[in-house]
Amino acid sequence: MRYLVTGGAGFIGSHLTDALLERGDDVLVLDDLSTGSEANLAACRPHRGFRFVEGSVLDRALVDVCMACVDGCFHLAASVGVRLILDDPLRALLNNVRGTDVVLAAAAVAGRRVVFASTSEVYGKNPGMPLQEDSDRLLGPADSPRSGYSSAKAFGEAAVRGYVAAGADMTTARLFNTVGARQSAAYGMVLPRFVRQALEGRGLTVYGDGRQQRSFTHVHDAADALLRLMDVPESRGHAFNVGTGPPISVLDLAERVIVATASAATVAFVPYERVYGSRFDEPAVRCPDTSLVQSVTGWRARRTLDDAIRDVIGSLATVAS
């Protein structure tokens, strides 16, 4: 099979590309390199079945040409990361909405199957844990700084449902805090930021009181789930949580990183408003129920958070050396 991976030079996209090539598929990566990096694809270059196109999912003509060359598409291209969303909210919103519209429309016209990468952010502040695919969205104020990203991804999910109702073959994966090697700390991602600070012997900056809890998913497990959702026809038209549990507090995560790096660094607490502004709203806990993706695809998370921490340490240590 031949697949288009939009955003394939990014963190998750590059690992997905690795997995596709490893199992013998051909891969066409489309990425504008705004947040991704060609270095993430270094191991892919020798493969005869790999091709990279630098370009944007906003380029409708280019996306149409790419879609015509493949059997299916993983749509991962998006503006992601709290820092990126808050720094340029309009650009992030329009990139996510318009890019998804272009990709899904091209796939529908060409009759190509799509797995759309959504996010746990669509659930907003819903405190009911674990979150199930039909759990309510609890969004808070409409002008919350995080609302644009959540709304853009919710638009993508709604568009998938609309295209499926019209006969298209599409599936949604809601990713929960994917972590691992190649993840950048530049856009607010907590684990690589902690690891970098620990390796440099600096204080690990924990925002708020550190009691907020998240479920972290190893990127290799996330890529495996995306592959299974593409391969299983019964996933068509549904949204699936992709994550692991139980959740861990951000403070506990910082302490694990300190131990894993054998660092002398300590934890420094920083108020949210100093980092993200006075109206930033952080959910207290977010944890998925993954029984649906397990029952439909047979997927199980096989790696631990400690595995991911070691991988991030290894990748950042290699870059530093």
# chains A, B, ... in the order shown; residues from 1 in each chain; ligands from 1
call {"tool": "select_by_dssp", "arguments": {"residues": "region 79-310 of chain A", "states": "strand (DSSP E or B)", "output": "ChimeraX atom specification"}}
result
/A:113-119,124,131,138,170-175,178-179,204-207,213-214,217-218,239-242,248-249,267-270,285-286,288
call {"tool": "write_last_selection", "arguments": {"atoms": "C-alpha atoms", "output": "compact mmCIF listing (two decimals), in the first residue's frame"}}
result
# COMPACT_ATOMS: atom_id res chain seq x y z
CA ARG A 113 -9.43 6.28 3.24
CA VAL A 114 -8.37 8.78 5.94
CA VAL A 115 -7.36 8.53 9.58
CA PHE A 116 -7.69 12.01 11.08
CA ALA A 117 -5.54 12.79 14.13
CA SER A 118 -7.64 14.66 16.68
CA THR A 119 -6.89 15.37 20.33
CA GLY A 124 -12.31 20.42 27.33
CA LEU A 131 -13.23 9.91 29.29
CA LEU A 138 -17.22 20.89 28.71
CA MET A 170 -12.78 8.15 7.33
CA THR A 171 -11.87 7.56 10.98
CA THR A 172 -10.86 9.80 13.89
CA ALA A 173 -8.15 9.09 16.47
CA ARG A 174 -8.20 11.22 19.64
CA LEU A 175 -4.60 11.26 20.88
CA THR A 178 1.79 11.46 23.09
CA VAL A 179 5.45 11.50 24.20
CA LEU A 204 12.33 21.86 36.35
CA THR A 205 9.59 24.44 35.94
CA VAL A 206 6.26 23.04 37.05
CA TYR A 207 3.34 25.28 36.15
CA GLN A 213 -2.86 14.86 36.06
CA ARG A 214 -2.36 13.53 32.56
CA THR A 217 1.18 7.64 25.61
CA HIS A 218 4.42 6.38 24.09
CA ALA A 239 -13.78 8.37 16.92
CA PHE A 240 -11.38 6.42 19.12
CA ASN A 241 -9.46 7.41 22.22
CA VAL A 242 -5.77 6.55 21.93
CA ILE A 248 0.20 10.83 36.68
CA SER A 249 0.58 14.29 38.18
CA VAL A 267 11.54 21.60 41.02
CA ALA A 268 10.58 25.25 40.62
CA PHE A 269 6.88 26.17 40.73
CA VAL A 270 5.76 28.87 38.32
CA VAL A 285 -7.18 15.67 35.10
CA ARG A 286 -7.51 13.97 31.72
CA PRO A 288 -9.01 8.05 28.47
call {"tool": "select_by_dssp", "arguments": {"residues": "region 72-156 of chain A", "states": "alpha helix (DSSP H)", "output": "PyMOL selection string"}}
result
chain A and resi 82-87+89-110+147-156
call {"tool": "closest_residue", "arguments": {"among": "A:Thr266, A:Gln183, A:Ser144, A:Ser150", "to": "Gly13 (chain A)", "atoms": "only C-alpha atoms"}}
result
A:Gln183
call {"tool": "closest_residue", "arguments": {"among": "A:Leu227, A:Ala61, A:Ala165, A:Ala154", "to": "Val5 (chain A)", "atoms": "only C-alpha atoms"}}
result
A:Leu227
call {"tool": "residues_around", "arguments": {"residues": "region 94-109 of chain A", "least_positions_apart": "5", "cutoff": "6 Å", "atoms": "only C-alpha atoms", "output": "list in words"}}
result
Val57, Leu58, Arg60, Asp64, Ala78, Ala152 and Ala168 of chain A
call {"tool": "closest_residue", "arguments": {"among": "A:His220, A:Arg196, A:Arg2, A:Arg302", "to": "Arg51 (chain A)", "atoms": "only C-alpha atoms"}}
result
A:Arg2
call {"tool": "residues_around", "arguments": {"residues": "region 309-317 of chain A", "least_positions_apart": "6", "cutoff": "8 Å", "atoms": "only C-alpha atoms", "output": "PyMOL selection string"}}
result
chain A and resi 180-183+191-192+195-196+199+257+260-261
call {"tool": "write_last_selection", "arguments": {"atoms": "C-alpha atoms", "output": "PDB file, in the first residue's frame"}}
result
ATOM      1  CA  GLY A 180       8.782  10.104  23.079  1.00  0.00           C
ATOM      2  CA  ALA A 181      11.948  10.757  21.113  1.00  0.00           C
ATOM      3  CA  ARG A 182      11.958  13.668  18.603  1.00  0.00           C
ATOM      4  CA  GLN A 183       9.339  15.631  20.534  1.00  0.00           C
ATOM      5  CA  LEU A 191       8.257  15.950  28.999  1.00  0.00           C
ATOM      6  CA  PRO A 192      11.022  17.150  26.651  1.00  0.00           C
ATOM      7  CA  VAL A 195      14.301  16.352  30.390  1.00  0.00           C
ATOM      8  CA  ARG A 196      16.212  19.237  28.862  1.00  0.00           C
ATOM      9  CA  LEU A 199      20.147  17.393  31.720  1.00  0.00           C
ATOM     10  CA  VAL A 257      12.659  12.714  35.180  1.00  0.00           C
ATOM     11  CA  ALA A 260      15.966   8.967  35.478  1.00  0.00           C
ATOM     12  CA  THR A 261      18.561  11.598  34.570  1.00  0.00           C
TER      13      THR A 261
END
